[in-house]
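protein26.tsv, holding TSV, C-alpha atoms:
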```tsv
chain	number	residue	atom	x	y	z
A	17	MET	CA	-34.41	-82.90	-21.64
A	18	LYS	CA	-32.38	-80.03	-23.09
A	19	ASN	CA	-31.21	-78.93	-19.63
A	20	TRP	CA	-30.12	-82.46	-18.82
A	21	PHE	CA	-28.12	-82.55	-22.07
A	22	LYS	CA	-26.36	-79.30	-21.17
A	23	LYS	CA	-25.62	-80.51	-17.67
A	24	ASP	CA	-24.05	-83.71	-18.99
A	25	LYS	CA	-22.07	-81.69	-21.52
A	26	PHE	CA	-20.64	-79.39	-18.84
A	27	VAL	CA	-19.66	-82.39	-16.72
A	28	ASP	CA	-17.93	-83.89	-19.74
A	29	TYR	CA	-16.00	-80.66	-20.41
A	30	LYS	CA	-14.81	-80.51	-16.83
A	31	GLU	CA	-13.76	-84.14	-16.75
A	32	ARG	CA	-11.81	-83.77	-19.98
A	33	LEU	CA	-9.99	-80.69	-18.69
A	34	LYS	CA	-9.19	-82.41	-15.40
A	35	LYS	CA	-7.21	-84.99	-17.38
A	36	ALA	CA	-4.92	-82.18	-18.61
A	37	PHE	CA	-3.55	-81.35	-15.15
A	38	PRO	CA	-1.85	-83.35	-12.39
A	39	LYS	CA	-4.17	-84.66	-9.69
A	40	ASN	CA	-2.56	-82.56	-6.95
A	41	LEU	CA	-4.05	-79.45	-8.59
A	42	GLU	CA	-7.62	-80.77	-8.50
A	43	SER	CA	-8.96	-78.47	-5.77
A	44	ASP	CA	-7.60	-75.34	-7.48
A	45	LEU	CA	-8.66	-76.64	-10.87
A	46	ASN	CA	-12.25	-77.11	-9.67
A	47	VAL	CA	-12.38	-73.45	-8.66
A	48	VAL	CA	-11.14	-72.43	-12.11
A	49	LEU	CA	-13.55	-74.69	-13.98
A	50	ASP	CA	-16.49	-73.21	-12.08
A	51	ILE	CA	-15.95	-69.75	-13.64
A	52	ILE	CA	-15.49	-70.85	-17.27
A	53	PRO	CA	-18.64	-70.02	-19.30
A	54	PHE	CA	-19.37	-73.49	-20.68
A	55	ASP	CA	-22.99	-72.43	-21.27
A	56	GLU	CA	-21.99	-69.94	-23.99
A	57	ASN	CA	-21.70	-71.65	-27.35
A	58	ARG	CA	-21.90	-68.62	-29.64
A	59	ILE	CA	-18.22	-68.27	-30.48
A	60	LYS	CA	-16.31	-65.87	-32.73
A	61	LEU	CA	-14.23	-68.05	-35.06
A	62	TYR	CA	-11.41	-67.58	-37.57
A	63	ASP	CA	-13.58	-65.86	-40.18
A	64	GLY	CA	-14.43	-63.09	-37.72
A	65	ASN	CA	-18.07	-64.15	-37.51
A	66	THR	CA	-19.94	-65.61	-34.54
A	67	HIS	CA	-21.04	-69.23	-34.91
A	68	MET	CA	-22.91	-71.78	-32.84
A	69	VAL	CA	-20.33	-74.35	-31.73
A	70	SER	CA	-21.76	-77.66	-30.59
A	71	ASP	CA	-18.61	-79.01	-28.92
A	72	LEU	CA	-16.38	-76.48	-27.17
A	73	ILE	CA	-13.49	-78.91	-26.75
A	74	HIS	CA	-11.99	-80.59	-29.81
A	75	GLU	CA	-12.19	-84.37	-29.62
A	76	ASN	CA	-8.45	-84.80	-30.28
A	77	PHE	CA	-5.88	-84.51	-27.51
A	78	TYR	CA	-2.19	-85.19	-27.05
A	79	THR	CA	-0.84	-87.49	-24.33
A	80	THR	CA	2.19	-86.49	-22.30
A	81	LYS	CA	3.86	-87.32	-18.99
A	82	LEU	CA	4.56	-85.06	-16.03
A	83	ASP	CA	6.40	-86.59	-13.08
A	84	SER	CA	5.33	-90.01	-14.44
A	85	GLU	CA	1.66	-88.98	-14.40
A	86	GLU	CA	-0.07	-89.28	-17.78
A	87	LEU	CA	-1.96	-86.18	-18.94
A	88	GLU	CA	-4.38	-85.73	-21.84
A	89	ILE	CA	-4.32	-82.14	-23.12
A	90	PRO	CA	-6.92	-81.00	-25.69
A	91	VAL	CA	-5.64	-79.92	-29.09
A	92	ARG	CA	-8.07	-76.97	-29.27
A	93	LEU	CA	-10.71	-75.25	-27.13
A	94	TYR	CA	-13.46	-72.88	-28.24
A	95	PHE	CA	-15.20	-71.52	-25.15
A	96	ASN	CA	-15.22	-67.83	-24.25
A	97	GLU	CA	-13.22	-66.31	-21.40
A	98	PRO	CA	-14.74	-65.75	-17.96
A	99	SER	CA	-15.61	-62.25	-16.77
A	100	SER	CA	-12.69	-60.20	-15.46
A	101	SER	CA	-14.34	-59.86	-12.05
A	102	LYS	CA	-14.53	-63.65	-11.64
A	103	GLU	CA	-10.96	-64.08	-12.82
A	104	LYS	CA	-9.64	-61.47	-10.36
A	105	SER	CA	-11.08	-63.54	-7.52
A	106	LEU	CA	-8.65	-66.37	-8.30
A	107	THR	CA	-5.32	-66.95	-6.58
A	108	GLU	CA	-2.08	-66.65	-8.57
A	109	LYS	CA	-1.91	-70.43	-9.00
A	110	GLN	CA	-5.54	-70.58	-10.13
A	111	GLN	CA	-4.98	-67.74	-12.62
A	112	ALA	CA	-1.99	-69.67	-14.00
A	113	ILE	CA	-4.18	-72.77	-14.42
A	114	LEU	CA	-6.77	-70.67	-16.25
A	115	SER	CA	-4.12	-69.21	-18.57
A	116	CYS	CA	-2.78	-72.70	-19.31
A	117	ILE	CA	-6.26	-73.83	-20.32
A	118	TYR	CA	-6.58	-70.90	-22.72
A	119	LEU	CA	-3.17	-71.65	-24.25
A	120	ARG	CA	-5.12	-74.34	-26.12
A	121	HIS	CA	-7.69	-71.83	-27.44
A	122	HIS	CA	-8.29	-71.59	-31.18
A	123	ASN	CA	-7.64	-67.81	-31.17
A	124	GLY	CA	-3.91	-67.12	-31.58
A	125	TYR	CA	-4.18	-63.59	-30.17
A	126	LEU	CA	-5.82	-64.97	-27.04
A	127	ARG	CA	-3.12	-67.65	-26.71
A	128	GLN	CA	-0.45	-64.98	-26.95
A	129	ARG	CA	-2.10	-62.79	-24.30
A	130	ARG	CA	-2.52	-65.74	-21.95
A	131	LEU	CA	1.13	-66.68	-22.43
A	132	GLU	CA	2.15	-63.13	-21.54
A	133	ASN	CA	0.14	-63.51	-18.32
A	134	LEU	CA	2.43	-66.38	-17.31
A	135	LYS	CA	5.61	-64.28	-17.31
A	136	GLY	CA	7.71	-64.99	-14.24
A	137	ILE	CA	5.58	-67.97	-13.16
A	138	ASN	CA	7.62	-71.17	-13.30
A	139	PHE	CA	5.47	-74.00	-11.95
A	140	TYR	CA	6.65	-77.21	-13.63
A	141	TRP	CA	3.09	-78.23	-14.54
A	142	ILE	CA	2.90	-75.20	-16.87
A	143	THR	CA	5.60	-76.71	-19.11
A	144	PRO	CA	3.42	-79.14	-21.17
A	145	PHE	CA	1.25	-76.19	-22.22
A	146	THR	CA	4.08	-73.78	-23.10
A	147	PHE	CA	6.23	-76.46	-24.75
A	148	GLN	CA	3.37	-77.36	-27.09
A	149	LEU	CA	3.46	-73.77	-28.41
A	150	LEU	CA	6.99	-74.35	-29.76
A	151	GLY	CA	5.47	-76.65	-32.37
A	152	GLU	CA	2.87	-74.15	-33.57
A	153	TYR	CA	2.94	-71.60	-36.36
A	154	VAL	CA	2.29	-68.22	-34.69
A	155	PHE	CA	5.62	-66.37	-34.83
A	156	GLU	CA	4.55	-63.74	-32.28
A	157	ILE	CA	3.95	-66.50	-29.70
A	158	LEU	CA	7.46	-67.83	-30.30
A	159	GLU	CA	8.77	-64.31	-29.67
A	160	VAL	CA	6.97	-64.22	-26.30
A	161	LEU	CA	8.40	-67.64	-25.39
A	162	ASP	CA	11.86	-66.41	-26.34
A	163	ASN	CA	11.55	-63.21	-24.29
A	164	GLN	CA	10.33	-65.13	-21.24
A	165	LEU	CA	13.00	-67.82	-21.45
A	166	ASP	CA	15.16	-67.99	-18.32
A	167	ASP	CA	17.20	-70.65	-16.56
A	168	SER	CA	14.21	-71.86	-14.51
A	169	GLN	CA	12.13	-72.42	-17.64
A	170	LEU	CA	15.05	-74.10	-19.38
A	171	GLU	CA	15.43	-76.39	-16.36
A	172	ASN	CA	11.72	-77.25	-16.51
A	173	SER	CA	11.98	-77.89	-20.27
A	174	LYS	CA	15.03	-80.09	-19.74
A	175	LYS	CA	13.16	-82.20	-17.18
A	176	TYR	CA	10.10	-82.37	-19.43
A	177	VAL	CA	11.87	-83.43	-22.63
A	178	LEU	CA	13.88	-86.08	-20.81
A	179	GLU	CA	10.56	-87.48	-19.60
A	180	ASN	CA	8.96	-87.17	-23.06
A	181	PRO	CA	11.70	-87.86	-25.66
A	182	LYS	CA	9.30	-88.93	-28.41
A	183	TYR	CA	7.12	-85.86	-27.91
A	184	TRP	CA	10.28	-83.70	-28.00
A	185	GLN	CA	11.16	-85.14	-31.42
A	186	GLN	CA	7.61	-84.67	-32.72
A	187	THR	CA	7.46	-81.05	-31.55
A	188	GLU	CA	10.87	-80.28	-33.01
A	189	SER	CA	9.76	-81.77	-36.34
A	190	ARG	CA	6.62	-79.60	-36.33
A	191	MET	CA	8.72	-76.53	-35.58
A	192	ILE	CA	10.95	-77.29	-38.59
A	193	SER	CA	7.93	-77.92	-40.83
A	194	TYR	CA	6.33	-74.56	-39.93
A	195	TRP	CA	9.65	-72.80	-40.50
A	196	ASN	CA	9.88	-74.39	-43.94
A	197	GLU	CA	6.26	-73.57	-44.80
A	198	TYR	CA	5.84	-70.04	-43.42
A	199	TYR	CA	9.14	-68.47	-42.31
A	200	ARG	CA	11.89	-69.71	-44.60
A	201	PHE	CA	11.71	-66.46	-46.60
A	202	LYS	CA	12.36	-64.48	-43.40
A	203	SER	CA	15.01	-66.84	-41.98
A	204	PRO	CA	16.60	-68.64	-44.96
A	205	LYS	CA	18.90	-70.55	-42.61
A	206	ILE	CA	17.04	-72.50	-39.96
A	207	LYS	CA	19.75	-71.78	-37.36
A	208	THR	CA	18.57	-68.16	-37.40
A	209	TYR	CA	14.91	-69.10	-36.83
A	210	ILE	CA	13.66	-68.24	-33.35
A	211	GLY	CA	12.11	-71.68	-32.82
A	212	ARG	CA	15.45	-73.32	-33.63
A	213	LEU	CA	17.25	-71.03	-31.17
A	214	ILE	CA	14.91	-72.02	-28.35
A	215	PHE	CA	15.21	-75.74	-29.12
A	216	ASP	CA	19.01	-75.49	-29.25
A	217	GLN	CA	19.10	-73.85	-25.81
A	218	ILE	CA	16.91	-76.62	-24.37
A	219	LYS	CA	19.13	-79.24	-26.01
A	220	ILE	CA	22.28	-77.76	-24.45
A	221	LYS	CA	20.50	-77.65	-21.09
A	222	THR	CA	19.83	-81.39	-21.29
A	223	HIS	CA	23.61	-81.89	-21.43
A	224	GLY	CA	24.01	-80.36	-17.97
A	225	PHE	CA	24.90	-76.78	-18.86
A	226	LYS	CA	23.29	-73.44	-18.34
A	227	VAL	CA	22.93	-71.59	-21.62
A	228	ASP	CA	22.63	-67.96	-22.56
A	229	GLU	CA	22.78	-65.82	-25.67
A	230	ILE	CA	25.45	-63.26	-26.36
A	231	VAL	CA	23.42	-60.13	-27.04
A	232	GLU	CA	26.46	-57.96	-27.78
A	233	ILE	CA	30.16	-58.42	-28.35
A	234	GLY	CA	32.54	-55.53	-28.90
A	235	ILE	CA	35.65	-53.54	-28.09
A	236	ASP	CA	35.15	-50.67	-25.66
A	237	SER	CA	36.90	-47.31	-25.32
A	238	ASN	CA	39.56	-48.93	-23.11
A	239	GLU	CA	40.33	-51.43	-25.90
A	240	ARG	CA	38.90	-54.32	-23.87
A	241	LEU	CA	36.92	-57.11	-25.49
A	242	PHE	CA	33.51	-57.37	-23.87
A	243	ILE	CA	30.79	-60.02	-24.07
A	244	LYS	CA	27.28	-59.18	-22.87
A	245	PRO	CA	24.98	-62.13	-22.02
A	246	LYS	CA	21.20	-61.89	-22.27
A	247	ARG	CA	20.28	-63.18	-18.81
A	248	GLU	CA	23.15	-64.53	-16.76
A	249	LYS	CA	25.31	-62.51	-14.36
A	250	PHE	CA	28.89	-63.52	-13.51
A	251	THR	CA	29.62	-61.26	-10.56
A	252	LEU	CA	32.05	-63.72	-8.91
A	253	ILE	CA	34.07	-64.60	-11.99
A	254	TYR	CA	37.07	-62.70	-10.59
A	255	ARG	CA	37.51	-65.54	-8.07
A	256	THR	CA	38.68	-67.82	-10.87
A	257	ALA	CA	41.86	-65.69	-11.17
A	258	THR	CA	41.75	-66.05	-14.95
A	259	GLU	CA	41.83	-62.29	-15.80
A	260	VAL	CA	38.18	-62.51	-16.85
A	261	HIS	CA	36.12	-59.77	-15.19
A	262	TRP	CA	32.49	-58.69	-14.81
A	263	ASP	CA	31.28	-55.11	-15.22
A	264	GLU	CA	28.23	-54.80	-12.96
A	265	LYS	CA	27.10	-51.48	-14.40
A	266	GLY	CA	27.27	-52.59	-18.03
A	267	LYS	CA	26.33	-56.24	-17.27
A	268	PHE	CA	29.12	-57.69	-19.40
A	269	LEU	CA	32.25	-59.84	-19.19
A	270	TYR	CA	35.50	-58.25	-20.32
A	271	SER	CA	39.19	-58.92	-20.90
A	272	PRO	CA	42.25	-56.79	-20.17
A	273	LYS	CA	43.65	-54.69	-23.01
A	274	PRO	CA	45.40	-57.23	-25.27
A	275	SER	CA	49.17	-57.57	-25.09
A	276	ALA	CA	50.50	-61.11	-25.55
A	277	TRP	CA	47.04	-62.33	-26.53
A	278	ASN	CA	44.92	-60.89	-29.32
A	279	TYR	CA	41.14	-60.43	-29.31
A	280	ILE	CA	40.28	-63.85	-30.68
A	281	ASP	CA	42.46	-65.42	-27.98
A	282	TRP	CA	40.52	-63.51	-25.33
A	283	TYR	CA	37.17	-64.41	-26.85
A	284	LYS	CA	38.03	-68.10	-26.74
A	285	HIS	CA	39.43	-67.75	-23.24
A	286	ILE	CA	36.37	-65.96	-21.81
A	287	THR	CA	33.84	-68.36	-23.32
A	288	LYS	CA	35.95	-71.36	-22.23
A	289	ILE	CA	36.20	-70.09	-18.64
A	290	ILE	CA	32.46	-69.47	-18.46
A	291	GLU	CA	31.85	-72.98	-19.76
A	292	THR	CA	34.34	-74.79	-17.48
A	293	GLU	CA	34.05	-72.70	-14.32
A	294	CYS	CA	30.39	-71.65	-14.48
A	295	LYS	CA	28.94	-74.55	-16.49
A	296	CYS	CA	27.35	-72.12	-18.92
A	297	LYS	CA	27.57	-72.03	-22.70
A	298	LEU	CA	27.42	-68.59	-24.31
A	299	LEU	CA	25.88	-68.67	-27.79
A	300	LEU	CA	26.39	-66.33	-30.70
A	301	THR	CA	23.17	-65.87	-32.68
A	302	TYR	CA	22.02	-63.87	-35.67
A	303	ARG	CA	20.74	-61.31	-33.14
A	304	THR	CA	24.16	-60.68	-31.60
A	305	ILE	CA	25.18	-57.02	-31.91
A	306	TRP	CA	28.77	-56.39	-33.04
A	307	THR	CA	30.33	-53.17	-31.75
A	308	ASN	CA	33.69	-51.90	-33.04
A	309	ILE	CA	34.49	-55.36	-34.39
A	310	SER	CA	36.20	-55.61	-37.77
A	311	ASP	CA	34.84	-57.97	-40.40
A	312	ASP	CA	37.98	-60.10	-40.12
A	313	LEU	CA	37.72	-60.41	-36.33
A	314	LYS	CA	33.98	-61.11	-36.62
A	315	LYS	CA	34.74	-63.98	-38.98
A	316	GLN	CA	37.39	-65.34	-36.61
A	317	ILE	CA	35.04	-65.19	-33.64
A	318	LYS	CA	32.26	-66.94	-35.53
A	319	THR	CA	34.61	-69.77	-36.46
A	320	LYS	CA	36.78	-69.51	-33.29
A	321	LYS	CA	39.83	-69.59	-35.50
A	322	ALA	CA	42.78	-67.20	-35.48
A	323	THR	CA	44.44	-66.06	-38.68
A	324	ALA	CA	47.95	-67.29	-39.38
```

Let's see the structure in the file written out as structure tokens.
Amino acid sequence: MKNWFKKDKFVDYKERLKKAFPKNLESDLNVVLDIIPFDENRIKLYDGNTHMVSDLIHENFYTTKLDSEELEIPVRLYFNEPSSSKEKSLTEKQQAILSCIYLRHHNGYLRQRRLENLKGINFYWITPFTFQLLGEYVFEILEVLDNQLDDSQLENSKKYVLENPKYWQQTESRMISYWNEYYRFKSPKIKTYIGRLIFDQIKIKTHGFKVDEIVEIGIDSNERLFIKPKREKFTLIYRTATEVHWDEKGKFLYSPKPSAWNYIDWYKHITKIIETECKCKLLLTYRTIWTNISDDLKKQIKTKKATA
């Protein structure tokens, strides 16, 4: 009788996890589910002690859409990880599926490690699992999401939030609540909070633009204003014939030495050209490094206003 109970339980676990992924992944998902140790219910929990857990998948789930297909993703999972030897036998896609499953694990350290495993993998079906993490409280996971953010992921997020507008609003609200509860002392202004920065980039993307952070802005030894983006490269910007140039070695945009125009004029010109010609918005953030920029010029750049 006990063995029958376990068998039914394992079938139930598998069926519930199958609802979290699109049907076209079923064959790969079955391979992944076969290596998960559903028969181990002695689990190390938050208090650091090992407990007997009767149900390894929390009863609650969130419903979301992916290419019009409705998915039911568990709120939390408790089962242990498979052996490394079994995991190494999986294909890249199957390993990504496995990591997505463990992004719902109760252990934040494990979620972070599994997220790191997904670096550079941009299947659209990963998005519901990574997007959910934006509404959680572990700051280190938000840092990983931020470091992995590229135009492909922003494009996936754009597609996903347009398909799930209500879920977007709910996740954004959770992000703000966790900032207010846990991180307001570190980032007194929400616009400097890493979760807010990620949401803002997704929001701009939904308006049809690429988006990138300005990691550094400064004046170099040749008295040129330079703007260094985080990810994007503008190697062909010279074709616009706007006197905006790209330094391939330094990976930055730059102006000529000012003559008729001053530095604030060139800053506005460069960012405008990148927006109109390249459909990309360059964002100043609290992380932007200022090099050889006076306090007065810094203030002008932040407000995009020239002094009289």

Original post:
Can you tell me, as number ranges by chain, what residues are no more than 6 Å from segment 149-160 of chain A when counting all atoms listed in the file, ignoring any on the same chain fewer than 5 positions away?
Top reply: A: 128, 187, 190-191, 194

Original post:
Distance atom CA of Ser168 of chain A-atom CA of Ile218 of chain A, one decimal place?
Top reply: 11.3 Å

Original post:
From the set A:Asp281, A:Asp166, A:Asp55, A:Asp311, which residue has the shortest atom-to-atom contact distance to Leu241 of chain A, counting only C-alpha atoms?
Top reply: A:Asp281

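The list of residues with at least one atom within 6 Å of segment 112-124 of chain A, based on all atoms listed in the file and without residues fewer than 2 positions apart in the same chain, reads A:Arg92, A:Leu93, A:Tyr94, A:Lys109, A:Gln110, A:Leu126, A:Arg127, A:Arg130.
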
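Taking only C-alpha atoms, the non-local environment of segment 228-238 of chain A within 7 Å (same-chain residues fewer than 2 positions away omitted) comprises Lys226, Arg240, Leu241, Phe242, Ile243, Lys244, Pro245, Lys246, Arg247, Glu248, Lys297, Leu298, Leu299, Leu300, Arg303, Thr304, Ile305, Trp306, Thr307, Asn308 and Ile309 of chain A.
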
Where is the centre and how long are the edges: axis-aligned box on segment 102-110 of chain A, 6 Å on each side, Å to one decimal, as JSON:
```
{"center_x": -8.2, "center_y": -66.0, "center_z": -9.7, "size_x": 24.6, "size_y": 21.1, "size_z": 18.2}
```

**OP:** Find, counting all atoms listed in the file, the residue in A:Thr80, A:Ser275, A:Asn40, A:Thr319 that gets nearest to Leu178 of chain A.
**Re:**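 The answer is A:Thr80, which sits nearest to Leu178 of chain A.
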
**OP:** Name the residues, using the chain letters and numbers of the file, that sit within 8 Å of (34.7, -62.3, -16.7) when counting all atoms listed in the file, and give them as a list in words.
**Re:**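 Answer for this query, in the requested form: Phe250, Ile253, Tyr254, Glu259, Val260, His261, Trp262, Phe268, Leu269, Tyr270, Ser271, Ile286 and Ile290 of chain A.
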
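Residue neighbourhood of Lys318 of chain A, excluding near-sequence residues (fewer than 5 positions): Ile280, Leu300, Thr301 and Leu313 of chain A, at 10 Å, using only C-alpha atoms.
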
Subject >> Atomic separation - atom CA of Leu82 of chain A relative to atom CA of Asn180 of chain A, Å >> reply: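 Separation between atom CA of Asn180 of chain A and atom CA of Leu82 of chain A: 8.6 Å.
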
Original post:
If you count all atoms listed in the file, which residues fall within 9 Å of Thr143 of chain A, apart from same-chain ones fewer than 6 positions away, as a PyMOL selection string?
Top reply: chain A and resi 82+169+172-173+176

Selected residues, C-alpha atoms, written as an mmCIF file, keeping the file's coordinate frame, please.
```cif
data_model
loop_
_atom_site.group_PDB
_atom_site.id
_atom_site.type_symbol
_atom_site.label_atom_id
_atom_site.label_comp_id
_atom_site.auth_asym_id
_atom_site.auth_seq_id
_atom_site.Cartn_x
_atom_site.Cartn_y
_atom_site.Cartn_z
ATOM 1 C CA LEU A 82 4.560 -85.060 -16.030
ATOM 2 C CA GLN A 169 12.130 -72.420 -17.640
ATOM 3 C CA ASN A 172 11.720 -77.250 -16.510
ATOM 4 C CA SER A 173 11.980 -77.890 -20.270
ATOM 5 C CA TYR A 176 10.100 -82.370 -19.430
#
```

Original post:
Which distance in Å separates atom CA of Ser84 of chain A and atom CA of Val177 of chain A, to one decimal?
Top reply: 12.4 Å

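Compared by their closest atoms to Phe37 of chain A, and using only C-alpha atoms, the residues A:Phe54, A:Trp141, A:Trp277, A:Tyr209 rank with A:Trp141 nearest.
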
**OP:** Around the point (-18.1, -78.4, -20.3), in the coordinates given by the file, pick out the residues reaching within 8 Å, counting only C-alpha atoms, and return them as a ChimeraX atom specification.
**Re:** /A:25-30,54-55,72-73

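Take the candidates A:Ile206, A:Ile137, A:Ala36, A:Ile52 and check each one against Leu87 of chain A using all atoms listed in the file; the shortest distance goes to A:Ala36.
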